[in-house]
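Notes follow the structure.
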Amino acid sequence: VQLQASGGGLVQTGGSLRLSCIASGSIGASDSVAWYRQAPGTQRGIVALLASGGITVYADSVKCRFTISRDNAKNTVHLQMNSLEPNDTAVYYCNVLQSSGRTYWGPGTLVTVSS
């Protein structure tokens, strides 16, 4: 499975962006999908997870602002980001964790939030 993320860019504080991640292969209903991010000088950390059972988990810093969703028919994962803050500036990576245990990463898309 190859992943390609898009939708990043420059936005002002309070603005919105919608990230998309398209998989070259199929994302099965039993696979979990997630978005991670890495700001300069920090480790990559999870932003949002959508597990195979439909359970969602969000980092505390993005709760009520970000929403992860998936479209299995289109092999696409989205991250809707609202009320963006400068601290959200990072490279965002999509991730697929298959039920087999194999994991796949996209190349990342840069989000920059200006103050």
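Quick note on naming: the chains in the structure tokens go A, B, ... in the order shown, residues restart at 1 in each chain, and ligands are numbered from 1 in order of appearance.
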So that I can check the secondary structure, give me every residue of chain A assigned helix (DSSP H, G or I) by backbone DSSP, as a PDB file with C-alpha atoms, in the first residue's frame.
ATOM      1  CA  ASP A  60      -5.815  16.276  23.849  1.00  0.00           C
ATOM      2  CA  SER A  61      -4.456  19.281  22.009  1.00  0.00           C
ATOM      3  CA  VAL A  62      -6.750  18.760  19.003  1.00  0.00           C
ATOM      4  CA  ASN A  72     -13.263   2.873   2.349  1.00  0.00           C
ATOM      5  CA  ALA A  73     -14.820   2.873  -1.112  1.00  0.00           C
ATOM      6  CA  LYS A  74     -12.343   5.555  -2.203  1.00  0.00           C
ATOM      7  CA  PRO A  86       0.379  28.152  15.480  1.00  0.00           C
ATOM      8  CA  ASN A  87       1.174  25.101  17.627  1.00  0.00           C
ATOM      9  CA  ASP A  88      -0.476  22.959  14.955  1.00  0.00           C
TER      10      ASP A  88
END
>> Can you pull out the residues contacting Arg102 in chain A? Cut-off 10 Å, using only C-alpha atoms, and skip same-chain residues under 4 positions away; I want them as a list in words.
In response: Val1, Asp31, Val96, Leu97 and Gln98 of chain A
> Which one of A:Leu17, A:Val77, A:Ala29, A:Ala23 sits closest to Gly53 in chain A if you count only C-alpha atoms?
Replying inline: A:Ala29
>> Residues near Ala59 in chain A, anyone? I mean within 9 Å using only C-alpha atoms, not counting same-chain ones fewer than 6 positions away, as a PyMOL selection string.
In response: chain A and resi 45-49
> Rounded to one decimal in Å, what is the spacing between CA of Gly41 in chain A and CA of Gly106 in chain A?
Replying inline: 20.0 Å
> With only C-alpha atoms as the basis for distance, which of A:Ser114, A:Ser100, A:Thr76, A:Asn95 is at the shortest distance from Arg44 in chain A?
Replying inline: A:Asn95
>> From a backbone DSSP assignment, name each residue in range 12-109 of chain A labelled strand (DSSP E), as a PyMOL selection string.
In response: chain A and resi 12+17-23+32-38+45-50+56-58+66-71+76-81+90-97+103-105+109
> Nearest to Leu79 in chain A among A:Leu19, A:Val33, A:Cys94, A:Cys64, with distances taken over only C-alpha atoms: which residue is it?
Replying inline: A:Leu19
> Hey, what's within 7 Å of Gly15 in chain A if we count only C-alpha atoms and toss same-chain stuff fewer than 6 positions away? As a ChimeraX atom specification, please?
Replying inline: /A:82-84
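Every protein or nucleic acid residue with an atom no more than 9 Å from Ala51 in chain A, counting only C-alpha atoms and leaving out same-chain residues fewer than 3 positions away, appears here: Ser30, Asp31, Ser32, Val33, Ala34, Gly54, Ile55, Thr56 and Val57 of chain A.
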> Quick one: residues within 12 Å of Gly108 in chain A, only C-alpha atoms counted, chain neighbours fewer than 4 positions away excluded, as a PyMOL selection string?
Replying inline: chain A and resi 3-9+19-22+35-39+44+90-95+104
> What is the distance, in Å and to one decimal place, between CA of Thr67 in chain A and CA of Val11 in chain A?
Replying inline: 17.6 Å
